[in-house]
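Visitor: What follows is work.cif, mmCIF, C-alpha atoms.
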```cif
data_run
#
loop_
_atom_site.label_atom_id
_atom_site.label_comp_id
_atom_site.auth_asym_id
_atom_site.auth_seq_id
_atom_site.Cartn_x
_atom_site.Cartn_y
_atom_site.Cartn_z
CA MET A 1122 -15.81 25.04 -27.92
CA SER A 1123 -19.07 25.75 -26.09
CA LYS A 1124 -20.37 22.29 -27.02
CA PHE A 1125 -17.16 20.79 -25.66
CA TRP A 1126 -17.67 22.41 -22.23
CA VAL A 1127 -21.36 21.56 -22.19
CA ILE A 1128 -20.58 17.85 -22.56
CA THR A 1129 -17.67 18.08 -20.11
CA LYS A 1130 -19.78 19.74 -17.40
CA GLN A 1131 -22.69 17.38 -17.95
CA VAL A 1132 -20.53 14.25 -17.66
CA TYR A 1133 -18.53 15.61 -14.71
CA LYS A 1134 -21.58 16.68 -12.67
CA ARG A 1135 -23.41 13.44 -13.35
CA ARG A 1136 -20.45 11.29 -12.39
CA VAL A 1137 -19.36 13.09 -9.20
CA LYS A 1138 -22.90 12.90 -7.83
CA THR A 1139 -23.08 9.12 -8.07
CA LYS A 1140 -22.93 6.99 -4.92
CA SER A 1141 -20.07 4.93 -6.34
CA PHE A 1142 -17.87 8.02 -6.72
CA LEU A 1143 -18.65 9.24 -3.19
CA ILE A 1144 -17.87 5.79 -1.80
CA SER A 1145 -14.59 5.60 -3.74
CA LEU A 1146 -13.78 9.10 -2.49
CA LEU A 1147 -14.43 8.47 1.20
CA PHE A 1148 -13.49 4.79 1.53
CA PRO A 1149 -9.67 5.28 1.36
CA VAL A 1150 -9.93 8.10 3.92
CA LEU A 1151 -11.87 5.85 6.30
CA ILE A 1152 -9.36 3.03 5.79
CA ALA A 1153 -6.45 5.42 6.47
CA ALA A 1154 -8.17 6.72 9.61
CA LEU A 1155 -8.81 3.15 10.76
CA ILE A 1156 -5.18 2.13 10.19
CA ALA A 1157 -3.96 5.21 12.06
CA GLY A 1158 -6.34 4.53 14.93
CA ILE A 1159 -5.68 0.78 15.30
CA PRO A 1160 -2.62 1.17 17.60
CA LYS A 1161 -4.53 3.48 19.94
CA MET A 1162 -7.53 1.14 19.93
CA VAL A 1163 -5.30 -1.82 20.76
CA ASP A 1164 -3.62 0.14 23.56
CA TYR A 1165 -7.01 1.19 24.92
CA PHE A 1166 -8.49 -2.30 25.04
CA ASP A 1167 -5.27 -3.96 26.19
CA SER A 1168 -4.42 -1.39 28.84
CA SER A 1169 -6.14 -3.40 31.55
CA SER A 1170 -4.50 -6.70 30.49
CA ASP A 1171 -0.89 -5.48 30.41
CA ILE A 1172 -0.27 -6.76 33.95
CA THR A 1173 0.02 -10.55 34.19
CA LYS A 1174 -0.92 -12.28 37.43
CA ILE A 1175 1.67 -14.91 38.29
CA ALA A 1176 3.06 -17.01 41.11
CA ILE A 1177 6.76 -17.80 41.54
CA LEU A 1178 8.12 -21.13 42.78
CA SER A 1179 11.81 -20.72 43.60
CA ASP A 1180 14.19 -21.40 46.44
CA ASN A 1181 16.13 -18.26 45.57
CA PRO A 1182 14.38 -15.14 46.94
CA VAL A 1183 16.41 -12.90 44.61
CA PHE A 1184 14.36 -14.03 41.59
CA VAL A 1185 11.09 -13.65 43.51
CA LYS A 1186 12.08 -10.15 44.56
CA ALA A 1187 13.09 -9.17 41.00
CA LEU A 1188 9.82 -10.29 39.39
CA THR A 1189 7.79 -8.78 42.24
CA ALA A 1190 9.54 -5.46 41.65
CA ASP A 1191 8.43 -5.45 38.00
CA LYS A 1192 4.99 -4.13 38.89
CA LYS A 1193 4.51 -2.65 35.41
CA HIS A 1194 4.23 -6.14 33.89
CA PHE A 1195 3.58 -8.62 36.70
CA GLN A 1196 1.39 -8.93 39.76
CA VAL A 1197 2.97 -11.61 41.93
CA ASP A 1198 0.94 -13.60 44.43
CA THR A 1199 3.55 -14.06 47.18
CA ASN A 1200 1.25 -16.31 49.23
CA ILE A 1201 1.61 -19.15 46.72
CA LYS A 1202 4.82 -21.04 47.40
CA HIS A 1203 4.04 -24.64 46.43
CA LYS A 1204 3.19 -26.30 43.13
CA LYS A 1205 -0.18 -27.71 44.22
CA ALA A 1206 -1.33 -24.31 45.43
CA ALA A 1207 -0.17 -22.75 42.17
CA GLN A 1208 -2.00 -25.36 40.07
CA SER A 1209 -5.16 -24.85 42.10
CA ALA A 1210 -4.98 -21.06 41.69
CA LEU A 1211 -4.38 -21.48 37.95
CA GLU A 1212 -7.41 -23.76 37.55
CA LYS A 1213 -9.58 -21.25 39.41
CA ALA A 1214 -8.23 -18.41 37.19
CA LYS A 1215 -6.81 -16.55 40.18
CA ILE A 1216 -3.50 -16.31 38.35
CA ASP A 1217 -2.54 -16.35 34.66
CA GLY A 1218 0.37 -18.71 35.22
CA PHE A 1219 3.22 -19.69 37.53
CA VAL A 1220 6.98 -19.69 37.05
CA THR A 1221 9.06 -22.59 38.32
CA ILE A 1222 12.71 -21.55 38.65
CA THR A 1223 15.45 -24.12 39.20
CA GLU A 1224 19.21 -23.74 39.64
CA LYS A 1225 21.63 -26.55 38.93
CA ASN A 1226 25.37 -26.39 38.34
CA ASP A 1227 25.29 -22.60 37.99
CA THR A 1228 22.59 -22.95 35.32
CA VAL A 1229 19.26 -21.22 35.81
CA SER A 1230 16.16 -22.49 34.00
CA ALA A 1231 12.53 -21.50 34.25
CA ILE A 1232 9.23 -23.05 33.19
CA TYR A 1233 6.16 -20.83 32.80
CA THR A 1234 3.01 -22.92 33.23
CA THR A 1235 -0.29 -21.60 31.86
CA GLN A 1236 -3.71 -22.85 30.79
CA GLU A 1237 -3.37 -21.19 27.38
CA THR A 1238 -0.38 -20.39 25.18
CA ALA A 1239 1.58 -17.56 26.75
CA GLY A 1240 1.98 -14.38 24.75
CA GLN A 1241 5.37 -13.51 23.29
CA ASN A 1242 5.51 -10.28 25.30
CA VAL A 1243 5.14 -12.16 28.60
CA MET A 1244 7.81 -14.72 27.69
CA THR A 1245 10.20 -12.00 26.55
CA ARG A 1246 9.69 -10.00 29.74
CA LEU A 1247 10.20 -13.04 31.97
CA THR A 1248 13.40 -13.88 30.11
CA GLU A 1249 14.71 -10.33 30.42
CA ASP A 1250 13.92 -10.03 34.13
CA LEU A 1251 15.39 -13.41 35.04
CA THR A 1252 18.48 -12.89 32.87
CA ALA A 1253 19.14 -9.46 34.38
CA THR A 1254 18.75 -10.89 37.88
CA LYS A 1255 21.13 -13.78 37.12
CA ILE A 1256 23.75 -11.40 35.72
CA ALA A 1257 23.47 -9.11 38.75
CA GLU A 1258 23.77 -12.06 41.14
CA LYS A 1259 26.78 -13.55 39.35
CA SER A 1260 28.43 -10.14 39.17
CA ALA A 1261 28.15 -9.85 42.94
CA ASP A 1262 29.63 -13.35 43.36
CA TYR A 1263 32.56 -12.49 41.09
CA LYS A 1264 32.91 -9.04 42.65
CA ILE A 1265 32.36 -7.23 39.35
CA THR A 1266 31.39 -3.57 39.76
CA ASN A 1267 28.48 -2.01 37.88
CA ALA A 1268 30.86 0.02 35.74
CA GLU A 1269 32.82 -3.12 34.78
CA LEU A 1270 29.58 -4.99 34.08
CA GLN A 1271 28.31 -2.24 31.79
CA SER A 1272 31.63 -2.24 29.98
CA ILE A 1273 31.43 -6.01 29.44
CA THR A 1274 27.77 -6.14 28.35
CA SER A 1275 27.64 -2.95 26.26
CA PRO A 1276 26.95 -3.82 22.59
CA VAL A 1277 29.54 -3.20 19.91
CA SER A 1278 28.50 -0.29 17.70
CA VAL A 1279 28.54 -1.20 14.00
CA THR A 1280 27.72 1.43 11.37
CA ASN A 1281 27.51 1.17 7.60
CA ASP A 1282 29.82 3.58 5.75
CA LEU A 1283 28.56 3.91 2.17
CA GLU A 1284 31.37 4.59 -0.29
CA SER A 1285 28.86 4.82 -3.16
CA ASN A 1286 26.34 7.67 -3.38
CA ASN A 1287 24.01 5.37 -5.31
CA GLN A 1288 23.04 3.20 -2.36
CA LEU A 1289 20.27 3.29 0.21
CA THR A 1290 20.56 2.94 3.95
CA ASN A 1291 18.40 0.30 5.64
CA HIS A 1292 16.00 3.01 6.80
CA GLU A 1293 15.74 4.45 3.30
CA LYS A 1294 15.16 0.95 1.86
CA ASP A 1295 12.31 0.38 4.30
CA VAL A 1296 10.73 3.72 3.43
CA MET A 1297 11.17 3.21 -0.32
CA SER A 1298 9.77 -0.31 -0.17
CA ALA A 1299 6.69 0.94 1.69
CA ALA A 1300 6.33 3.78 -0.84
CA VAL A 1301 6.53 1.32 -3.74
CA VAL A 1302 3.76 -0.83 -2.26
CA ILE A 1303 1.51 2.19 -1.66
CA LEU A 1304 2.15 3.91 -5.01
CA THR A 1305 1.71 0.79 -7.13
CA LEU A 1306 -1.46 -0.09 -5.25
CA VAL A 1307 -2.78 3.44 -5.82
CA ILE A 1308 -2.00 3.20 -9.55
CA PHE A 1309 -3.68 -0.21 -9.79
CA ILE A 1310 -6.83 0.94 -7.98
CA PHE A 1311 -7.12 4.13 -10.04
CA VAL A 1312 -6.53 2.21 -13.28
CA MET A 1313 -9.24 -0.31 -12.46
CA SER A 1314 -11.71 2.34 -11.31
CA TYR A 1315 -11.27 4.91 -14.06
CA ALA A 1316 -10.81 2.42 -16.89
CA ASN A 1317 -14.24 1.01 -16.08
CA ILE A 1318 -15.71 4.51 -15.73
CA VAL A 1319 -14.39 5.60 -19.15
CA ALA A 1320 -15.48 2.44 -20.93
CA SER A 1321 -18.92 2.45 -19.26
CA GLU A 1322 -19.47 6.15 -19.98
CA ILE A 1323 -19.01 5.62 -23.71
CA ALA A 1324 -20.79 2.25 -23.83
CA THR A 1325 -23.88 3.61 -22.05
CA GLU A 1326 -24.59 6.10 -24.83
CA LYS A 1327 -23.93 3.50 -27.50
CA GLY A 1328 -26.25 1.02 -25.81
CA THR A 1329 -29.14 3.50 -25.75
CA ARG A 1330 -28.51 4.44 -29.41
CA ILE A 1331 -28.35 8.10 -28.41
CA MET A 1332 -24.90 8.39 -29.96
CA GLU A 1333 -26.37 9.10 -33.41
CA VAL A 1334 -28.28 12.08 -32.03
CA ILE A 1335 -25.22 13.44 -30.22
CA LEU A 1336 -22.97 13.13 -33.27
CA SER A 1337 -25.48 15.02 -35.38
CA SER A 1338 -24.62 18.18 -33.42
CA VAL A 1339 -21.02 17.60 -32.33
CA SER A 1340 -18.04 15.86 -33.91
CA ALA A 1341 -16.81 12.51 -32.61
CA THR A 1342 -13.43 14.04 -31.74
CA THR A 1343 -15.00 16.82 -29.65
CA HIS A 1344 -17.24 14.26 -27.98
CA LEU A 1345 -14.24 12.08 -27.07
CA PHE A 1346 -12.16 15.00 -25.78
CA ALA A 1347 -15.06 16.24 -23.64
CA LYS A 1348 -15.57 12.79 -22.12
CA LEU A 1349 -11.89 12.35 -21.36
CA THR A 1350 -11.61 15.87 -19.90
CA ALA A 1351 -14.55 15.20 -17.59
CA ILE A 1352 -13.00 11.93 -16.40
CA ILE A 1353 -9.64 13.63 -15.82
CA PHE A 1354 -11.42 16.35 -13.81
CA MET A 1355 -12.98 13.56 -11.72
CA LEU A 1356 -9.55 12.08 -11.13
CA LEU A 1357 -8.13 15.49 -10.17
CA THR A 1358 -11.08 16.05 -7.83
CA GLN A 1359 -10.38 12.79 -6.04
CA ILE A 1360 -6.63 13.44 -5.82
CA GLY A 1361 -7.24 17.03 -4.69
CA PHE A 1362 -9.59 15.80 -1.97
CA TYR A 1363 -6.92 13.44 -0.64
CA ILE A 1364 -4.28 16.18 -0.74
CA LEU A 1365 -6.63 18.47 1.20
CA CYS A 1366 -7.31 15.76 3.80
CA GLY A 1367 -3.57 15.10 4.11
CA ALA A 1368 -2.85 18.82 4.54
CA VAL A 1369 -5.51 19.13 7.26
CA VAL A 1370 -4.07 16.14 9.13
CA LEU A 1371 -0.51 17.49 8.87
CA VAL A 1372 -1.51 20.96 10.08
CA ALA A 1373 -3.84 19.77 12.85
CA GLY A 1374 -1.46 17.12 14.14
CA ARG A 1375 1.88 18.73 13.34
CA ASN A 1376 3.04 18.26 16.94
CA THR A 1377 2.02 14.61 17.22
CA GLU A 1378 4.47 11.72 16.95
CA MET A 1379 2.56 10.09 14.07
CA VAL A 1380 2.69 13.21 11.87
CA GLN A 1381 6.37 13.76 12.68
CA ASN A 1382 7.10 10.18 11.60
CA ILE A 1383 5.24 10.75 8.32
CA LEU A 1384 7.22 13.92 7.65
CA ASP A 1385 10.46 12.07 8.40
CA GLN A 1386 9.52 9.36 5.89
CA ILE A 1387 8.68 11.95 3.22
CA ALA A 1388 12.00 13.69 3.82
CA VAL A 1389 13.79 10.53 2.65
CA PHE A 1390 12.53 11.15 -0.90
CA LYS A 1391 14.61 13.46 -3.02
CA ALA A 1392 12.72 16.12 -4.99
CA TYR A 1393 13.58 14.78 -8.43
CA TYR A 1394 12.46 11.27 -7.43
CA LEU A 1395 9.11 12.67 -6.35
CA ILE A 1396 8.77 14.35 -9.75
CA LEU A 1397 9.72 11.14 -11.60
CA ASN A 1398 7.25 9.14 -9.51
CA LEU A 1399 4.55 11.66 -10.34
CA LEU A 1400 5.34 11.50 -14.07
CA PHE A 1401 5.13 7.70 -14.14
CA VAL A 1402 1.83 7.77 -12.23
CA ILE A 1403 0.27 10.44 -14.49
CA LEU A 1404 1.45 8.93 -17.77
CA GLY A 1405 0.45 5.43 -16.64
CA LEU A 1406 -3.08 6.58 -15.77
CA LEU A 1407 -3.38 8.49 -19.07
CA LEU A 1408 -2.29 5.43 -21.05
CA TYR A 1409 -4.86 3.17 -19.40
CA ILE A 1410 -7.61 5.82 -19.68
CA LEU A 1411 -6.93 6.17 -23.42
CA LEU A 1412 -6.92 2.39 -23.88
CA ALA A 1413 -10.19 2.20 -21.95
CA ALA A 1414 -11.71 4.90 -24.19
CA MET A 1415 -10.60 2.97 -27.27
CA ILE A 1416 -12.08 -0.28 -25.96
CA GLY A 1417 -15.23 1.50 -24.75
CA SER A 1418 -15.85 2.84 -28.24
CA MET A 1419 -15.89 -0.75 -29.56
CA VAL A 1420 -18.32 -2.03 -26.90
CA PRO A 1421 -21.86 -2.49 -28.32
CA ASN A 1422 -23.58 -1.97 -24.95
CA VAL A 1423 -22.78 -1.44 -21.28
CA GLU A 1424 -23.47 -5.11 -20.43
CA THR A 1425 -20.40 -6.26 -22.37
CA VAL A 1426 -17.95 -3.71 -20.89
CA ALA A 1427 -16.42 -6.21 -18.44
CA GLN A 1428 -15.88 -8.75 -21.24
CA PHE A 1429 -14.19 -6.25 -23.55
CA ILE A 1430 -12.07 -4.63 -20.86
CA TYR A 1431 -10.87 -7.95 -19.40
CA PRO A 1432 -7.57 -8.08 -21.38
CA MET A 1433 -6.66 -4.61 -20.11
CA THR A 1434 -7.48 -5.72 -16.56
CA ILE A 1435 -5.07 -8.63 -16.97
CA LEU A 1436 -2.34 -6.22 -18.13
CA ALA A 1437 -2.88 -4.05 -15.04
CA ILE A 1438 -2.76 -7.10 -12.75
CA ILE A 1439 0.49 -8.29 -14.37
CA GLY A 1440 1.94 -4.81 -13.91
CA TYR A 1441 0.94 -4.74 -10.24
CA TRP A 1442 2.33 -8.18 -9.42
CA GLY A 1443 5.37 -7.32 -11.51
CA SER A 1444 6.00 -4.32 -9.26
CA ILE A 1445 5.95 -6.62 -6.22
CA ALA A 1446 8.47 -8.88 -7.97
CA ALA A 1447 10.54 -5.80 -8.88
CA ALA A 1448 10.62 -4.71 -5.24
CA ASN A 1449 12.09 -8.09 -4.23
CA ALA A 1450 14.24 -8.87 -7.29
CA PRO A 1451 14.78 -5.61 -9.21
CA ASP A 1452 17.61 -7.08 -11.32
CA ASN A 1453 15.65 -10.11 -12.56
CA LEU A 1454 15.67 -10.31 -16.37
CA LEU A 1455 11.87 -10.50 -16.70
CA VAL A 1456 11.50 -7.55 -14.34
CA ILE A 1457 14.01 -5.52 -16.35
CA ILE A 1458 12.18 -6.28 -19.62
CA GLY A 1459 8.79 -5.55 -18.06
CA SER A 1460 9.95 -2.19 -16.74
CA TYR A 1461 10.30 -0.95 -20.34
CA ILE A 1462 6.91 -2.21 -21.55
CA PRO A 1463 4.50 0.77 -21.42
CA THR A 1464 1.58 -1.07 -19.80
CA PHE A 1465 3.85 -2.38 -17.03
CA SER A 1466 6.48 0.36 -16.62
CA PRO A 1467 4.31 2.77 -14.55
CA MET A 1468 4.44 0.19 -11.76
CA MET A 1469 7.52 -1.95 -12.43
CA MET A 1470 9.98 0.83 -13.36
CA LEU A 1471 8.64 2.88 -10.46
CA ALA A 1472 9.61 0.04 -8.10
CA ARG A 1473 13.09 -0.40 -9.62
CA MET A 1474 13.66 3.36 -9.69
CA ASP A 1475 12.74 3.95 -6.05
CA LEU A 1476 15.10 1.18 -4.96
CA LEU A 1477 17.94 2.69 -7.05
CA SER A 1478 18.23 -0.49 -9.12
CA VAL A 1479 18.28 1.23 -12.51
CA SER A 1480 20.47 3.88 -14.10
CA THR A 1481 19.30 7.39 -14.97
CA ILE A 1482 19.45 6.47 -18.67
CA GLY A 1483 17.22 3.47 -18.00
CA ILE A 1484 14.67 5.59 -16.11
CA PHE A 1485 14.42 8.23 -18.82
CA SER A 1486 14.37 5.59 -21.57
CA SER A 1487 11.40 3.90 -19.94
CA LEU A 1488 9.74 7.29 -19.37
CA ALA A 1489 10.29 8.25 -23.03
CA ILE A 1490 8.81 4.94 -24.25
CA LEU A 1491 5.81 5.48 -21.96
CA LEU A 1492 5.35 9.06 -23.20
CA LEU A 1493 5.53 7.99 -26.87
CA SER A 1494 3.05 5.20 -26.11
CA VAL A 1495 0.63 7.70 -24.56
CA ILE A 1496 0.94 9.96 -27.63
CA GLY A 1497 0.48 6.97 -29.95
CA ALA A 1498 -2.52 5.71 -27.96
CA PHE A 1499 -4.02 9.21 -28.08
CA PHE A 1500 -3.88 9.51 -31.87
CA LEU A 1501 -4.96 5.89 -32.39
CA THR A 1502 -7.92 6.34 -30.03
CA VAL A 1503 -9.00 9.53 -31.81
CA ARG A 1504 -8.71 7.82 -35.20
CA LEU A 1505 -10.62 4.70 -34.20
CA TYR A 1506 -13.20 6.51 -32.10
CA GLN A 1507 -14.65 8.30 -35.12
CA GLY A 1508 -15.71 5.00 -36.65
CA ASN A 1509 -16.22 2.94 -33.51
CA VAL A 1510 -18.91 5.10 -31.92
CA LEU A 1511 -21.30 4.06 -34.68
CA LEU A 1512 -20.03 0.48 -34.86
CA TYR A 1513 -22.32 -2.07 -33.21
CA SER A 1514 -20.73 -5.50 -33.22
CA ASN A 1515 -21.31 -8.49 -30.94
CA GLU A 1516 -18.42 -10.50 -32.35
CA GLY A 1517 -16.10 -9.96 -29.39
CA LEU A 1518 -13.12 -7.70 -28.80
CA TRP A 1519 -10.62 -9.08 -31.32
CA LYS A 1520 -12.99 -9.32 -34.30
CA THR A 1521 -14.40 -5.89 -33.48
CA TRP A 1522 -10.83 -4.59 -33.26
CA LYS A 1523 -10.06 -5.89 -36.77
CA THR A 1524 -13.27 -4.36 -38.12
CA SER A 1525 -12.42 -1.06 -36.41
CA LEU A 1526 -8.95 -1.01 -38.00
CA SER A 1527 -10.40 -1.70 -41.45
CA TYR A 1528 -12.81 1.24 -41.04
CA ALA A 1529 -9.94 3.50 -39.96
CA LYS A 1530 -7.84 2.50 -43.00
CA ARG A 1531 -10.69 3.36 -45.38
CA LYS A 1532 -10.84 6.84 -43.94
#
```
What is this structure when it is put down as structure tokens?

Guide:
Amino acid sequence: MSKFWVITKQVYKRRVKTKSFLISLLFPVLIAALIAGIPKMVDYFDSSSDITKIAILSDNPVFVKALTADKKHFQVDTNIKHKKAAQSALEKAKIDGFVTITEKNDTVSAIYTTQETAGQNVMTRLTEDLTATKIAEKSADYKITNAELQSITSPVSVTNDLESNNQLTNHEKDVMSAAVVILTLVIFIFVMSYANIVASEIATEKGTRIMEVILSSVSATTHLFAKLTAIIFMLLTQIGFYILCGAVVLVAGRNTEMVQNILDQIAVFKAYYLILNLLFVILGLLLYILLAAMIGSMVPNVETVAQFIYPMTILAIIGYWGSIAAANAPDNLLVIIGSYIPTFSPMMMLARMDLLSVSTIGIFSSLAILLLSVIGAFFLTVRLYQGNVLLYSNEGLWKTWKTSLSYAKRK
């Protein structure tokens, strides 16, 4: 047991001190901070450009007065009253644009002339201001009181009464869809990162031919378990760091709108769904780590790791894109089949489950298949590892795999 912990500590300390691990640890935090700060940055830099300088050409002073009163969005140059003067001011960049308002047969139309394409916010605001002014003017002509006008224009309230308990509201669907995208992306990134780490860790020692020396003092099984334990500790370190960062943000900003929104989104998840999500994530990562260890033991040197691990990378990519398909068409036949295949189910079943598109029996069936696959991969990896660590073959993955199986059968 002492040899086991010696190898575990040595691998763990060496790996967590590498620049690649520190970058992978801090990069998501920086990205999250950047995403959270983008709205404030946009508001800061756009704060001075929120007010649009315009001129108004209209024979009806009511529209001029209404747009002039909207000082939050528009700065109206009241000295410009003719088209030539407006065009001259626009060419000299004294105004951002001018609005030409015409009335014909009780129909009001407006043209906003600019040098560049007008932003959607400006067009929307102009439409709202002019529409509100037209309604107010017509109401006065028809002698409609404000109370009557509000009664006429008030929207009809429509709510969705769910008879089934197994359905999501629109808000819950939005939250679940966002969660599916984030969780499947996290699984994919961790699979790619740690699969390469596991395979490279084993291949490095094989490439330097130091494996023979190591196995003279410790069994292959102990060596494998120590390596895998160290990698799992790395994974837990990274996850623990993110949990700590999240806790600090939640505590420090508990009174901010952003944190309150995050807590509201989390509250949508039911406790047992969080547990099921966690089980699929953990078992999925374990399965890919074990497969990576098995493949790494067949790699002759570290230079060929990418070549050997390529098929597993393809499986992970299919699983990730399958989860995107599952989020959009959870009842598609291929999606349903894929959600029960162990290499795909951690992402595809997770998507179907979070959108309530699969029964409880289906969820636990997929989870059971995944668990049995992890157990099977564990025993197969242990069995093959004992012969593979001393197997040096440059014949490619499939021929090496056949040779590895023949060695295992002899034992």

Visitor: Take the point (24.1, -15.8, 37.1) as written in the file and pick out every residue within 12 Å of it, counting all atoms listed in the file; give the list as a list in words.

Guide: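 Residues found, by chain and rising number: Asn1181, Val1183, Phe1184, Glu1224, Lys1225, Asn1226, Asp1227, Thr1228, Val1229, Ser1230, Leu1251, Thr1252, Ala1253, Thr1254, Lys1255, Ile1256, Ala1257, Glu1258, Lys1259, Ser1260, Ala1261, Asp1262 and Tyr1263 of chain A.
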
Visitor: Go ahead and compute the interatomic distance for atom CA of A:Ala1413 and atom CA of A:Thr1434, in Å to one decimal.

Guide: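 Separation of atom CA of A:Ala1413 and atom CA of A:Thr1434: 10.0 Å.
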
Visitor: Tell me which of A:Ala1206, A:Leu1488, A:Leu1147, A:Ile1216 sits closest to A:Ile1172, counting all atoms listed in the file.

Guide: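 Closest to A:Ile1172 of all the choices is A:Ile1216.
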
Visitor: Hey, could you pull the box centre and edge lengths for stretch 1264-1275 of chain A, axis-aligned, 8 Å padding per side, all listed atoms, to one decimal in Å, as JSON?

Guide:
```
{"center_x": 30.3, "center_y": -4.5, "center_z": 34.5, "size_x": 21.3, "size_y": 25.1, "size_z": 32.4}
```

Visitor: Contacts of stretch 1175-1177 of chain A at 12 Å or less, counting only C-alpha atoms, minus same-chain residues fewer than 2 places along, as a short mmCIF file (atom, residue, chain, number, x, y, z; two decimals) with C-alpha atoms, keeping the file's coordinate frame?

Guide:
```
data_model
loop_
_atom_site.label_atom_id
_atom_site.label_comp_id
_atom_site.auth_asym_id
_atom_site.auth_seq_id
_atom_site.Cartn_x
_atom_site.Cartn_y
_atom_site.Cartn_z
CA ILE A 1172 -0.27 -6.76 33.95
CA THR A 1173 0.02 -10.55 34.19
CA SER A 1179 11.81 -20.72 43.60
CA ASP A 1180 14.19 -21.40 46.44
CA ASN A 1181 16.13 -18.26 45.57
CA PRO A 1182 14.38 -15.14 46.94
CA VAL A 1183 16.41 -12.90 44.61
CA PHE A 1184 14.36 -14.03 41.59
CA VAL A 1185 11.09 -13.65 43.51
CA LYS A 1186 12.08 -10.15 44.56
CA ALA A 1187 13.09 -9.17 41.00
CA LEU A 1188 9.82 -10.29 39.39
CA THR A 1189 7.79 -8.78 42.24
CA ASP A 1191 8.43 -5.45 38.00
CA LYS A 1192 4.99 -4.13 38.89
CA HIS A 1194 4.23 -6.14 33.89
CA PHE A 1195 3.58 -8.62 36.70
CA GLN A 1196 1.39 -8.93 39.76
CA VAL A 1197 2.97 -11.61 41.93
CA ASP A 1198 0.94 -13.60 44.43
CA THR A 1199 3.55 -14.06 47.18
CA ASN A 1200 1.25 -16.31 49.23
CA ILE A 1201 1.61 -19.15 46.72
CA LYS A 1202 4.82 -21.04 47.40
CA HIS A 1203 4.04 -24.64 46.43
CA LYS A 1204 3.19 -26.30 43.13
CA LYS A 1205 -0.18 -27.71 44.22
CA ALA A 1206 -1.33 -24.31 45.43
CA ALA A 1207 -0.17 -22.75 42.17
CA GLN A 1208 -2.00 -25.36 40.07
CA SER A 1209 -5.16 -24.85 42.10
CA ALA A 1210 -4.98 -21.06 41.69
CA LEU A 1211 -4.38 -21.48 37.95
CA ALA A 1214 -8.23 -18.41 37.19
CA LYS A 1215 -6.81 -16.55 40.18
CA ILE A 1216 -3.50 -16.31 38.35
CA ASP A 1217 -2.54 -16.35 34.66
CA GLY A 1218 0.37 -18.71 35.22
CA PHE A 1219 3.22 -19.69 37.53
CA VAL A 1220 6.98 -19.69 37.05
CA THR A 1221 9.06 -22.59 38.32
CA ILE A 1222 12.71 -21.55 38.65
CA THR A 1223 15.45 -24.12 39.20
CA ALA A 1231 12.53 -21.50 34.25
CA ILE A 1232 9.23 -23.05 33.19
CA TYR A 1233 6.16 -20.83 32.80
CA THR A 1234 3.01 -22.92 33.23
CA THR A 1235 -0.29 -21.60 31.86
CA ALA A 1239 1.58 -17.56 26.75
CA VAL A 1243 5.14 -12.16 28.60
CA LEU A 1247 10.20 -13.04 31.97
CA LEU A 1251 15.39 -13.41 35.04
#
```

Visitor: Applied to this file, what does the PyMOL selection byres ((chain A and resi 1451) around 10) return in terms of residues, put as a PyMOL selection string?

Guide: chain A and resi 1443-1450+1452-1457+1460+1469-1470+1472-1474+1476-1479

Visitor: Nearest residue to A:Ala1489 out of A:Thr1502, A:Thr1325, A:Thr1238, A:Ser1466, using only C-alpha atoms?

Guide: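 With only C-alpha atoms as the atom set, the closest residue is A:Ser1466.
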
Visitor: Find, counting only C-alpha atoms, the residue in A:Leu1270, A:Leu1491, A:Met1419, A:Met1313 that gets nearest to A:Lys1520.

Guide: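 Of A:Leu1270, A:Leu1491, A:Met1419, A:Met1313, the one nearest A:Lys1520, counting only C-alpha atoms, is A:Met1419.
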